[in-house]
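Okay, structure first, notes after.
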Amino acid sequence: GQDVRLEDYRPTDFEIETVDLTFRLDPAQTRVTSRIALRRRSGTKADVPLVLDGDELNLVALKINDVAADNECFAATPSSLEIRDLPETEVFTLEIVTEIAPAENTKLMGLYRSNGVYCTQCEAEGFRRITYFLDRPDVLAVFTTCIEAPTNDAPLLLSNGNPGETGELGDGWHFAVWHDPHPKPSYLFALVAGDLAVVRDWFVTRSGKPVVLEIYVEHGKQIRANYAMDALKRAMSWDEERFGREYDLSVFMIVAVSDFNMGAMENKGLNIFNDKYVLADSDTATDADYANIEAIIAHEYFHNWTGNRITCRDWFQLCLKEGLTVYRDHEFSADMRSRPVKRIAEVRLLKAHQFPEDSGPLAHPVRPEHYSEINNFYTATVYEKGSEVVRMLATILGPTEFKAGLDLYFSRHDGDAATIEDFLKCFEDANQVKLTQFALWYRQAGTPVLTVSARFDGRARKLMLDIEQSAPATPGQPKKRPMHIPLRFGLIDADGAEIKTSDIEGIDVTGDVMHVKRRAHKIVISKVRKRPVISLNRSFSAPINIHFEQGTEDLFHLARFETDAYSRWQALNELALRGLIAATGAVRDDTDIVPDEALVSGIIASLEDGTLEPAMRAQAVLLPGEADIARELGNNIDPDAIFEARNGVLDIVAMTGADAFDKVADGFTPSGRYTPDAESAGKRALYLAALDYLSRISLPADALLPIFRSADNMTIMAGVLAILAHRFPETAAAETALAEFELRFRENPLVIDKWLQIQATIPGQATLARVKQLMGSNHFSIENPNRVRALIGSFSAGNPTGFNRADGAAFAFLAGLIIELDARNPQVAARILTSMRSWKSLEPVRQEKARTALVAISEQPSLSPDVRDITDRTLG
Ligand code: HT7
Ligand code: ZN
């Protein structure tokens with residue numbers, strides 16, 4: 001791909017007012033007739049040609065104002081249609097006929113077939129694989145779609161908007177017309193045709209408009225869509241209450257398909273979902289699956305306002321819809337579930353995915369300034385950091401002011417293709433503030449660092465805090481300007497009470513938020529009678545790293561007394577991380593692992609703390625993972641040493657806390673019928689955490705096998721299977737459990753994905769051979785993205801010791817696979833390849849092997865732009 005730059009943006013010379021599409025569906029030869037009404041923008045000269053986008057297209061016919069076009073006045077290639085000698089009138093029509101082959105579309109972009117169902121994926125640039133068009137988000141048109149298909153092959157014909165005329169065409173064919181009154185960009189177009197079952201319900205909006213809700217799934221799977229339907233209705237009322245957003249069509253449809261490149265897609269009125277994020281029942285879905293379904297159903301629904309009613313001017317503004325919508329779905333889940341537990345999960349995810357991205361060769365600003373392949377910018381930075389930036393805006397402004405800004409955004413920009421500048425201006429105008437410095441969060445990549453030191457002067461009753469901010473260099477951005485960092489803070493006294501502060505100099509403070517804006521702040525907090533314990537970045541108010549030599553005593557104090565539940569976990573987690581880093585050093589120096597006794601007892605105390613909800617207790621004992629330790633170490637990483645060190649610490653925690661873990665395990669009574677609510681899920685999480693620890697001391701594989709066999713829900717079953725497979729690899733008990741699981745669920749690919757994933761993440765050298773063998777099994781198919789992600793994605797991104805083998809065999813394996821996959825589905829291949837983004841932080845031997853594998857990919861002559869882009873940037 002060529003380099004596209006934000007600074008080069010300019011509006012189109014032509015607008016498209018209406019689009020009338022007719023699809024005559026056929027797996028090998030679908031005929032698409034597109035009639036578009038164009039308007040020359042004022043100021044566009046008559047001799048300016050119209051250049052439409054295409055991708056692997058084949059032009060069959062072209063008419064201009066209903067007259068067949070002369071061959072000399074246009075030039076068609078698979079990737080563009082250029083029309084010269086256009087009518088001189090301001091408005092004119094084109095009729096474009098193309099032919100496409102959905103059954104041969106392995107990229108799953110544009111119109112394709114999934115299990116015999118026709119479906120589309122048009123974001124970001126898939127519509128141009130259907131017909132020639134101005135395929136960019138700032139071209140908004142009113143779409144009418146007529147679908148023709150054989151009735152027995154495709155009894156169901158769906159598109160965006162409201163249903164129109166339907167009827168018979170003869171010869172066993174029928175048709176249906178759909179009209180979407182809301183002007184939309186082409187990336188929100190959707191079509192589904194096939195033989196599917198429906199689950200139907202309804203919703204009345206708060207202004208009294210009835211909406212029919214429909215979820216389409218494969219026949220026989222209707223019952224598994226009930227939870228998604230329930231989540232949808234909850235999301236619809238929540239968006240009305242919290243953000244004042246109502247739905248705007250008479251029908252809202254969701255279709256679940258089994259071949260999908262990402263999670264789901266927010267097409268106007270017709271969301272298309274990866275079936276993984278729709279289908280659930282207690283026999284086949286885990287608590288995590290239910291939580292994901294709830295979040296993703298909500299996310300796509302929320303896009304109806306943040307994405308569809310207000311869309312993006314260009315793809316550089318992707319975070320405008322994604323960051324804001326993730327923020328909205330996070331808030332929704334926090335309200336549906338436990339807010340602190342949700343916040344912990346968000347921060348864990350951010351640190352596991354976004355922080356490494358931001359510190360490696362693929363780092364980019366939340367709003368990138370250039371790209372060569374837009375598909376590679378659906379990243380943790382755009383989504384998750386983008387959401388954190390919106391959260392910071394809410395923290396800086398305060399809830400009322402944030403709401404005022406957002407309300408203004410909804411009213412001012414309804415129907416627009418907007419920019420980040422438009423968005424921020426609404427908050428400025430609604431509150432008479434300037435957000436010039438805050439806007440840097442969108443422009444500067446890299447995770448900022450706050451270096452903090454503190455000194456207490458008891459005589460003067462003053463606490464002195466020195467805070468300095470910096471940000472690491474990132475590709476193309478060697479130097480950074482200071483940002484506006486909202487730092488929630490608190491001071492806790494020796495008894496655990498919150499100290500009120502009123503007299504603070506050297507920094508702006510609103511409520512409990514310090515506004516760090518300069519490179520350096522010298523802060524003096526007066527009238528502090530006794531030495532306080534300082535709590536910084538409460539509730540993770542900013543996505544930053546803090547370097548603060550805070551004594552372990554103080555961290556323990558916070559872990560016990562912090563009034564903010566998230567921050568108690570943060571303190572304990574920081575202590576655990578320090579302990580694990582020290583243990584890794586011990587392994588490398590060949591000395592004993594001796595974790596701080598206070599740390600071990602702190603972890604066990606949290607486990608036993610009956611005042612905490614079970615989910616919180618589970619979080620407390622879930623120590624930082626191998627990837628967290630690697631990230632903290634930063635360079636010269638030896639994944640085997642980390643693994644050994646972490647195991648050593650966990651063994652000691654297990655031995656010391658044996659009674660407490662036993663008590664938790666014995667006290668767990670599956671309370672009859674399974675319910676996926678957060679409270680019950682928390683109890684299961686705690687139980688599984690206890691079993692995991694006990695498996696290190698008193699619960700051998702043979703004792704786990706009956707627990708696995710008697711599990712009456714997928715959360716416990718898959719959880720125990722993972723403990724068996726990971727802790728006792730290749731034992732008879734583990735292999736038996738894996739075989740029984742396979743036998744029971746062999747007809748259910750989504751459950752088999754769990755089986756693939758559990759095996760792909762078995763620690764150690766031997767797993768590569770297992771992955772290769774599983775690739776040969778009939779459960780695996782390189783054609784299905786879910787299977788590829790479950791086996792290959794989990795192995796390369798979720799198995800540090802297995803993937804980073806010192807002999808480089810797994811890197812070489814991945815390189816070969818990426819090359820093979822790239823020829824079918826470049827988008828999925830490129831995404832899997834990002835698992836190599838941190839190769840430069842490995843120790844030298846592994847680093848060299850990783851480089852060799854990347855070079856092998858890069859030397860392939862016919863790489864897709866997607867994989868070329870990731871390979872080149874990763875190699876740096
Ligand atoms: N807006 C969507 C992102 C998306 C996508 C989905 C499926 C296949 C390819 C895709 N490219 C981009 C999903 C979302 O963020 O809500
Ligand atoms: Zn989204």
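Identifiers for the structure tokens are assigned positionally: chains receive A, B, ... in sequence, residues are indexed from 1 per chain, and ligands are indexed from 1 in the order shown.
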
Counting only C-alpha atoms, what is within 7 Å of range 643-655 of chain A, bar same-chain residues fewer than 3 positions away, as a PDB file with C-alpha atoms, in the first residue's frame?
ATOM      1  CA  LEU A 580       8.275 -11.666  40.815  1.00  0.00           C
ATOM      2  CA  ALA A 583      12.469 -13.952  41.841  1.00  0.00           C
ATOM      3  CA  THR A 584      13.386 -13.770  38.143  1.00  0.00           C
ATOM      4  CA  VAL A 587      16.584 -17.680  38.909  1.00  0.00           C
ATOM      5  CA  ILE A 593      13.561 -17.648  45.403  1.00  0.00           C
ATOM      6  CA  PRO A 595       9.528 -13.879  48.329  1.00  0.00           C
ATOM      7  CA  VAL A 600       2.751 -13.845  50.735  1.00  0.00           C
ATOM      8  CA  GLU A 626       4.667 -13.924  32.591  1.00  0.00           C
ATOM      9  CA  PRO A 639      10.884 -16.374  29.159  1.00  0.00           C
ATOM     10  CA  ASP A 640      12.034 -19.654  30.728  1.00  0.00           C
ATOM     11  CA  ALA A 658      -2.847 -24.143  51.806  1.00  0.00           C
ATOM     12  CA  TYR A 693      -2.995 -23.079  43.731  1.00  0.00           C
ATOM     13  CA  LEU A 694      -3.971 -26.399  45.284  1.00  0.00           C
ATOM     14  CA  ARG A 696       0.673 -27.147  43.147  1.00  0.00           C
ATOM     15  CA  ILE A 697       0.546 -28.883  46.507  1.00  0.00           C
TER      16      ILE A 697
END

Could you give me, as a PyMOL selection string, the residues within 8 Å of range 16-25 of chain A, counting only C-alpha atoms and dropping anything in the same chain fewer than 2 positions from it?
chain A and resi 14+27+29-39+139-149

Based on the selection just made, write C-alpha atoms of those residues as a short mmCIF file (atom, residue, chain, number, x, y, z; two decimals), in the first residue's frame.
data_model
loop_
_atom_site.label_atom_id
_atom_site.label_comp_id
_atom_site.auth_asym_id
_atom_site.auth_seq_id
_atom_site.Cartn_x
_atom_site.Cartn_y
_atom_site.Cartn_z
CA PHE A 14 -18.35 14.90 -6.03
CA PRO A 27 -21.92 -17.98 -5.27
CA GLN A 29 -21.15 -14.93 -10.24
CA THR A 30 -23.10 -12.33 -8.33
CA ARG A 31 -24.20 -9.42 -10.44
CA VAL A 32 -24.25 -6.06 -8.69
CA THR A 33 -26.01 -3.13 -10.32
CA SER A 34 -25.36 0.16 -8.62
CA ARG A 35 -27.22 3.32 -9.64
CA ILE A 36 -25.70 6.33 -7.98
CA ALA A 37 -26.90 9.91 -8.11
CA LEU A 38 -23.91 12.24 -7.99
CA ARG A 39 -23.61 15.94 -7.44
CA VAL A 139 -19.25 10.29 1.55
CA LEU A 140 -22.71 9.82 3.04
CA ALA A 141 -25.59 8.58 0.90
CA VAL A 142 -29.11 7.19 1.23
CA PHE A 143 -29.08 3.51 0.28
CA THR A 144 -31.88 1.40 -1.20
CA THR A 145 -31.02 -2.26 -1.71
CA CYS A 146 -32.83 -4.90 -3.70
CA ILE A 147 -31.68 -8.49 -3.18
CA GLU A 148 -32.62 -11.25 -5.59
CA ALA A 149 -31.87 -14.90 -4.81
#

Distance filter 10 Å around ligand 1, atoms: only C-alpha atoms and all ligand atoms, out as a ChimeraX atom specification
/A:107-110,120-126,187-188,259-267,271-274,296-303,307,318-319,321-323,325-326,374-379,382-383,827-828

Using only C-alpha atoms, find each residue of range 147-219 of chain A with at least one atom at most 10 Å away from an atom of range 408-424 of chain A; report its shortest atom-to-atom pair and that distance in Å (one decimal), sort the rows by chain and rising residue number, and return the result as JSON lines.
{"residue": "A:His182", "atom": "CA", "partner": "A:Gly415", "partner_atom": "CA", "distance": 8.2}
{"residue": "A:Pro183", "atom": "CA", "partner": "A:Gly415", "partner_atom": "CA", "distance": 7.5}
{"residue": "A:Lys184", "atom": "CA", "partner": "A:Gly415", "partner_atom": "CA", "distance": 8.4}
{"residue": "A:Pro185", "atom": "CA", "partner": "A:Ala417", "partner_atom": "CA", "distance": 8.9}

Write out the residues from the selection above, keeping C-alpha atoms, as a tab-separated table (two decimals), in the first residue's frame.
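out_32.tsv was written with the following content:
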chain	number	residue	atom	x	y	z
A	182	HIS	CA	-30.21	7.64	7.30
A	183	PRO	CA	-27.42	8.82	5.01
A	184	LYS	CA	-24.42	6.62	5.70
A	185	PRO	CA	-20.93	5.92	4.46

Leu721 in chain A: which residues within 10 Å, counting only C-alpha atoms, same-chain residues fewer than 6 positions away excluded, as a list of chain:residue names?
A:Leu704, A:Leu705, A:Ile707, A:Phe708, A:Arg709, A:Thr715, A:Arg727, A:Ala733, A:Ala734, A:Glu735, A:Ala737, A:Leu738, A:Phe741, A:Lys754, A:Trp755, A:Ile758, A:Gln759

Taking only C-alpha atoms and all ligand atoms into account, name the residue in A:Val198, A:Ala291, A:Ala285, A:Leu320 that is nearest to ligand 2.
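Of the candidates, the smallest distance to ligand 2 is held by A:Leu320.
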